[in-house]
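What follows is protein06.cif (mmCIF, C-alpha atoms).
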data_model
#
loop_
_atom_site.label_atom_id
_atom_site.label_comp_id
_atom_site.auth_asym_id
_atom_site.auth_seq_id
_atom_site.Cartn_x
_atom_site.Cartn_y
_atom_site.Cartn_z
CA MET K 225 -3.67 -7.69 3.30
CA ILE K 226 -4.19 -5.98 6.66
CA ASP K 227 -6.07 -8.13 9.15
CA CYS K 228 -8.30 -5.51 10.82
CA VAL K 229 -8.64 -1.73 10.40
CA ALA K 230 -10.89 0.62 12.37
CA LEU K 231 -12.30 3.67 10.56
CA THR K 232 -13.54 6.43 12.86
CA GLY K 233 -16.10 8.99 11.74
CA ALA K 234 -17.32 6.28 9.38
CA ALA K 235 -20.72 7.88 8.76
CA GLY K 236 -19.14 11.15 7.65
CA LYS K 237 -18.73 12.38 4.08
CA LEU K 238 -15.02 11.70 3.66
CA ALA K 239 -15.02 8.33 5.41
CA THR K 240 -18.02 7.22 3.36
CA ALA K 241 -16.14 8.14 0.18
CA LEU K 242 -13.08 6.19 1.40
CA ARG K 243 -14.84 2.96 2.30
CA PRO K 244 -14.98 1.41 -1.21
CA TYR K 245 -11.21 1.90 -1.53
CA LEU K 246 -10.36 0.87 2.02
CA ALA K 247 -12.46 -2.27 2.47
CA PRO K 248 -10.54 -4.34 -0.15
CA LEU K 249 -7.27 -3.71 1.71
CA CYS K 250 -8.27 -5.53 4.89
CA ARG K 251 -9.98 -8.69 6.10
CA GLU K 252 -12.21 -6.68 8.43
CA LEU K 253 -13.09 -2.98 8.37
CA ARG K 254 -14.74 -1.73 11.54
CA LEU K 255 -16.87 1.35 10.99
CA LEU K 256 -16.91 3.47 14.17
CA ASP K 257 -19.25 6.40 14.61
CA LEU K 258 -22.00 7.80 16.82
CA LYS K 259 -24.54 6.85 14.16
CA PRO K 260 -24.87 4.00 11.66
CA PRO K 261 -23.13 4.18 8.27
CA THR K 262 -25.13 5.81 5.49
CA ALA K 263 -24.08 3.35 2.78
CA PRO K 264 -24.75 -0.44 2.81
CA LEU K 265 -22.06 -2.60 4.40
CA ALA K 266 -19.62 -4.61 2.33
CA ALA K 267 -19.17 -8.27 3.27
CA ASN K 268 -16.10 -7.52 5.42
CA GLU K 269 -17.41 -4.34 7.07
CA ARG K 270 -18.76 -4.22 10.63
CA ALA K 271 -20.59 -1.22 12.10
CA TRP K 272 -19.73 -0.20 15.66
CA LEU K 273 -21.64 2.54 17.46
CA ALA K 274 -18.87 4.10 19.51
CA ASP K 275 -18.03 7.46 21.08
CA LEU K 276 -14.33 8.33 21.22
CA GLN K 277 -14.97 9.77 24.67
CA ASP K 278 -16.17 6.36 25.93
CA ARG K 279 -12.87 4.62 26.58
CA PRO K 280 -14.24 1.16 27.49
CA ARG K 281 -16.37 1.07 24.34
CA LEU K 282 -13.47 2.39 22.28
CA ALA K 283 -11.23 -0.37 23.66
CA GLU K 284 -13.80 -2.97 22.58
CA ALA K 285 -13.93 -1.49 19.10
CA LEU K 286 -10.14 -1.39 18.63
CA ALA K 287 -9.35 -4.81 20.13
CA GLY K 288 -7.51 -6.88 17.54
CA CYS K 289 -7.01 -3.99 15.10
CA SER K 290 -3.57 -3.41 13.65
CA ALA K 291 -4.37 0.07 12.30
CA VAL K 292 -6.81 2.96 12.72
CA VAL K 293 -7.88 5.42 10.03
CA HIS K 294 -9.08 8.40 12.06
CA PHE K 295 -11.58 10.65 10.30
CA GLY K 296 -13.75 11.30 13.35
CA GLY K 297 -14.24 14.57 15.20
CA TYR K 298 -15.92 17.91 14.55
CA PRO K 299 -15.10 18.93 10.95
CA ARG K 300 -15.36 22.73 10.96
CA GLU K 301 -14.87 25.87 13.01
CA ALA K 302 -16.81 26.06 16.27
CA GLY K 303 -16.52 27.21 19.86
CA TRP K 304 -14.12 25.54 22.27
CA ASP K 305 -17.05 23.90 24.04
CA VAL K 306 -17.75 21.92 20.85
CA LEU K 307 -14.18 21.33 19.68
CA MET K 308 -12.57 20.33 22.97
CA PRO K 309 -14.58 17.14 23.56
CA ALA K 310 -14.65 16.02 19.92
CA ASN K 311 -11.19 17.03 18.68
CA ILE K 312 -9.06 17.06 21.82
CA ALA K 313 -10.45 14.70 24.49
CA GLY K 314 -11.57 12.12 21.92
CA VAL K 315 -8.19 12.24 20.17
CA ILE K 316 -6.36 11.71 23.47
CA ASN K 317 -8.51 8.67 24.19
CA LEU K 318 -7.93 7.25 20.72
CA TRP K 319 -4.13 7.44 20.94
CA GLU K 320 -4.09 6.21 24.53
CA VAL K 321 -6.29 3.20 23.82
CA ALA K 322 -4.45 2.40 20.58
CA HIS K 323 -1.14 2.43 22.44
CA GLU K 324 -2.49 0.26 25.26
CA LEU K 325 -3.83 -2.31 22.79
CA GLY K 326 -0.71 -2.44 20.64
CA VAL K 327 -2.23 -0.91 17.50
CA GLY K 328 0.61 -0.43 15.03
CA ARG K 329 -0.33 2.81 13.26
CA ILE K 330 -2.88 5.58 13.01
CA VAL K 331 -3.56 7.33 9.71
CA TYR K 332 -5.35 10.53 10.64
CA ALA K 333 -7.13 13.46 9.03
CA SER K 334 -5.32 16.64 9.90
CA SER K 335 -6.22 19.70 7.84
CA ASN K 336 -4.84 22.49 5.69
CA HIS K 337 -6.16 24.74 8.47
CA ALA K 338 -3.21 23.65 10.63
CA VAL K 339 -1.15 25.92 8.34
CA GLY K 340 -3.93 28.17 7.05
CA PHE K 341 -2.31 31.44 8.16
CA TYR K 342 0.50 31.06 5.64
CA PRO K 343 -0.04 33.47 2.74
CA ARG K 344 -0.99 32.05 -0.65
CA SER K 345 2.20 33.49 -2.08
CA GLU K 346 4.28 31.04 -0.04
CA GLN K 347 5.11 27.38 -0.71
CA VAL K 348 4.65 25.37 2.48
CA ALA K 349 6.57 22.16 3.19
CA GLU K 350 5.54 19.40 5.58
CA ARG K 351 7.75 20.26 8.56
CA VAL K 352 7.05 23.98 8.76
CA HIS K 353 6.09 25.79 11.94
CA PRO K 354 2.30 25.38 12.33
CA MET K 355 0.21 28.46 11.58
CA PRO K 356 -3.38 27.50 12.45
CA ASP K 357 -6.05 29.85 11.11
CA SER K 358 -8.84 28.97 13.55
CA ARG K 359 -9.72 27.12 16.74
CA TYR K 360 -10.42 24.12 14.52
CA GLY K 361 -6.92 24.46 13.04
CA VAL K 362 -5.43 24.52 16.54
CA THR K 363 -7.07 21.16 17.31
CA LYS K 364 -5.41 19.70 14.21
CA VAL K 365 -2.01 21.03 15.29
CA PHE K 366 -2.64 19.33 18.63
CA MET K 367 -3.37 16.04 16.87
CA GLU K 368 -0.17 16.27 14.85
CA ALA K 369 1.85 16.95 18.02
CA LEU K 370 0.18 14.06 19.85
CA ALA K 371 0.92 11.71 16.95
CA GLN K 372 4.60 12.75 17.01
CA LEU K 373 4.77 12.15 20.76
CA TYR K 374 3.36 8.63 20.53
CA ALA K 375 5.53 7.77 17.54
CA THR K 376 8.73 8.90 19.26
CA LYS K 377 7.98 7.69 22.77
CA HIS K 378 6.04 4.50 22.04
CA GLY K 379 6.62 3.51 18.40
CA LEU K 380 2.97 4.02 17.40
CA LYS K 381 3.30 5.12 13.78
CA GLY K 382 1.38 8.27 12.82
CA PHE K 383 0.54 9.41 9.31
CA GLY K 384 -1.11 12.83 9.17
CA LEU K 385 -2.98 14.08 6.11
CA ARG K 386 -3.30 17.87 5.87
CA ILE K 387 -6.34 17.58 3.65
CA GLY K 388 -7.40 20.41 1.37
CA HIS K 389 -10.95 20.22 0.01
CA CYS K 390 -12.04 16.71 -0.96
CA CYS K 391 -14.90 16.34 -3.42
CA PRO K 392 -15.47 14.95 -6.94
CA GLN K 393 -14.45 18.21 -8.64
CA PRO K 394 -13.34 21.75 -7.65
CA SER K 395 -15.92 24.52 -7.57
CA ASP K 396 -14.03 27.77 -6.88
CA ALA K 397 -10.63 29.38 -7.48
CA ARG K 398 -9.19 28.43 -4.08
CA MET K 399 -9.75 24.77 -4.85
CA LEU K 400 -7.47 25.08 -7.87
CA SER K 401 -4.67 24.99 -5.28
CA HIS K 402 -5.89 22.69 -2.50
CA TRP K 403 -8.47 20.36 -4.05
CA ILE K 404 -8.15 16.58 -3.78
CA HIS K 405 -10.23 13.92 -5.51
CA PRO K 406 -11.53 11.12 -3.23
CA GLU K 407 -9.53 8.55 -5.20
CA ASP K 408 -6.30 10.47 -4.52
CA LEU K 409 -7.20 10.79 -0.84
CA ALA K 410 -7.72 7.03 -0.73
CA ALA K 411 -4.30 6.53 -2.32
CA LEU K 412 -2.70 8.59 0.47
CA VAL K 413 -4.55 6.61 3.13
CA ARG K 414 -3.27 3.39 1.56
CA ILE K 415 0.30 4.72 1.73
CA GLY K 416 -0.29 5.49 5.39
CA LEU K 417 -1.43 1.92 5.98
CA GLU K 418 1.35 0.21 4.05
CA ALA K 419 4.49 2.39 3.87
CA ASP K 420 7.52 2.22 6.15
CA TYR K 421 7.79 5.36 8.30
CA ALA K 422 7.76 6.50 11.92
CA SER K 423 5.81 9.77 11.93
CA GLU K 424 4.87 11.69 8.81
CA ILE K 425 2.79 14.65 7.75
CA VAL K 426 1.79 14.96 4.10
CA TYR K 427 -0.62 17.18 2.20
CA GLY K 428 -3.92 15.96 0.85
CA ALA K 429 -3.99 17.54 -2.59
CA SER K 430 -4.27 16.22 -6.12
CA ASP K 431 -1.77 17.09 -8.87
CA ASN K 432 -2.63 20.80 -9.01
CA ALA K 433 -0.18 23.13 -10.78
CA LEU K 434 -1.25 26.02 -8.51
CA SER K 435 -0.74 24.05 -5.30
CA TRP K 436 0.78 25.83 -2.30
CA TRP K 437 2.33 22.55 -1.16
CA PRO K 438 5.26 20.77 -2.88
CA ASN K 439 4.27 17.55 -1.02
CA ARG K 440 7.68 15.99 -1.65
CA ARG K 441 7.47 13.46 1.17
CA ALA K 442 4.20 12.03 -0.10
CA ARG K 443 5.76 11.53 -3.52
CA GLU K 444 8.84 9.92 -1.98
CA LEU K 445 6.51 7.42 -0.32
CA GLY K 446 4.87 6.63 -3.67
CA PHE K 447 1.98 9.07 -4.03
CA ARG K 448 1.07 9.48 -7.69
CA PRO K 449 -2.18 11.47 -7.84
CA ALA K 450 -4.48 10.48 -10.69
CA HIS K 451 -6.44 13.75 -10.74
CA SER K 452 -5.78 17.48 -11.18
CA ALA K 453 -7.70 20.72 -10.78
CA ASP K 454 -5.89 22.14 -13.81
CA PRO K 455 -8.64 21.41 -16.39
CA PHE K 456 -10.96 23.65 -14.34
CA ARG K 457 -8.64 26.68 -14.20
CA GLU K 458 -10.31 28.74 -16.90
CA ALA K 459 -13.83 28.12 -15.62
CA LEU K 460 -13.03 28.81 -11.95
CA ALA K 461 -10.37 31.53 -12.05
CA ALA K 462 -12.87 34.33 -11.40
CA LYS K 463 -14.72 32.54 -8.60
CA VAL K 464 -12.90 34.26 -5.74
CA SER K 465 -13.95 35.60 -2.37
CA ALA K 466 -14.77 39.29 -1.94
CA ASP K 467 -12.93 39.24 1.40
CA PRO K 468 -9.26 40.36 1.03
CA VAL K 469 -8.27 38.45 4.18
CA ALA K 470 -9.72 35.21 2.82
CA GLU K 471 -7.91 35.78 -0.47
CA HIS K 472 -4.59 36.54 1.23
CA PHE K 473 -4.33 33.44 3.41
CA GLN K 474 -4.33 29.79 2.40
CA GLY K 475 -7.04 29.09 4.97
CA GLY K 476 -9.60 31.24 3.14
CA ALA K 477 -12.79 31.87 5.07
CA PHE K 478 -11.45 30.09 8.17
CA ALA K 479 -8.67 32.67 8.36
CA ALA K 480 -11.02 35.58 7.67
CA GLU K 481 -13.65 34.69 10.29
CA GLY K 482 -13.23 37.04 13.26
CA PHE K 483 -9.99 38.49 11.86
CA SER K 484 -9.30 41.83 13.63
CA HIS K 485 -5.67 42.50 12.69
CA GLU K 486 -4.59 44.74 9.81
CA LEU K 487 -3.17 42.90 6.83
CA ALA K 488 -0.71 45.70 6.13
CA ARG K 489 0.78 45.40 9.64
CA LEU K 490 1.37 41.65 9.56
CA PRO K 491 5.04 40.61 9.70
#
Using the file provided, produce a representation of the structure as structure tokens.
Amino acid sequence: MIDCVALTGAAGKLATALRPYLAPLCRELRLLDLKPPTAPLAANERAWLADLQDRPRLAEALAGCSAVVHFGGYPREAGWDVLMPANIAGVINLWEVAHELGVGRIVYASSNHAVGFYPRSEQVAERVHPMPDSRYGVTKVFMEALAQLYATKHGLKGFGLRIGHCCPQPSDARMLSHWIHPEDLAALVRIGLEADYASEIVYGASDNALSWWPNRRARELGFRPAHSADPFREALAAKVSADPVAEHFQGGAFAAEGFSHELARLP
């Protein structure tokens, strides 16, 4: 059992879904966010109001923790004025403070949008060249690079999850490829907390036959997804976007927003 884990973005949708799976793995789970958790606290959970941009408060919250599960930050496309403080400056503070305090590892939510400009016709491995589809995707590429730096230079283990769409069940055709059930996401987080590695990137997807991601490294580390989008294929196959750009790229609407190139002229 892990002594103490900090969960950032704890009041958010994904972190709230993770808490029932994460709390039993540790003696203390510290729930960090700008607002209180939405669900009642378990006996070993502690709520901490903390801003990742407030380094002294962040240091208080992480003191004594052996691991961080980082699901904080701004979760969608926005202007740089919104994304820079939440997804860049806050991330820098988190890794800096974790390193200073001797935290052993950070399991962090990257995103499929870090590689969202790969076409849907292509299988994408973990160590490919990043192809972010949005400003939001760029911030996730930054986080992955920062995690690699701290792992190589300082030995702070980093486990990045390029999460698809996490919800109880898929609702459109794109999700047939990149959907992940909360239980499977929790299983990946547990691997990140317990496995032996230095710096890894894996994909957050359930056992979907139409997946764009082989996710071999996750399976090597023991990931055995319990869920699949396959039973929904017939019902959802026709639920596609009317935008040809969104349908061409793995990133969907994130890739299509503001797209001014010509698809036919892309290399």
For this session: Might you pull out every residue within 9 Å of Ala241 of chain K, with only C-alpha atoms counted and same-chain residues fewer than 4 positions away left off, and present them as an MDAnalysis selection string?
Result: chainID K and resid 236:237 245 406:407 410
Exercise. To one decimal place, how far is atom CA of Ala477 of chain K from atom CA of Val464 of chain K in Å?
Worked result: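 So the two atoms, atom CA of Ala477 of chain K and atom CA of Val464 of chain K, lie 11.1 Å apart.
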Seminar exercise, completed: From the list K:Val229, K:Ala338, K:Ala453, K:Leu400, the nearest residue to Met355 of chain K using only C-alpha atoms is K:Ala338
Problem set entry | Counting all atoms listed in the file, the residue of K:Val315, K:Val348, K:Ile415, K:Ala479 that sits nearest Asn439 of chain K |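 Selected residue with least distance to Asn439 of chain K: K:Val348.
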For this session: List the neighbours of Arg441 of chain K out to 10 Å using all atoms listed in the file; skip same-chain residues closer than 5 positions along the sequence, and give me the result as a list in words.
Result: Ala349, Glu350, Glu424, Ile425, Val426, Tyr427, Gly446 and Phe447 of chain K
Exercise. Out of K:Glu269, K:Asp357, K:Asp431, K:Glu284, which residue has the shortest atom-to-atom distance to Ala247 of chain K when counting all atoms listed in the file?
Worked result: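 Closest candidate: K:Glu269.
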Exercise. Out of K:Ala466, K:Leu249, K:Leu373, K:Leu255, which residue has the shortest atom-to-atom distance to Arg414 of chain K when counting only C-alpha atoms?
Worked result: K:Leu249
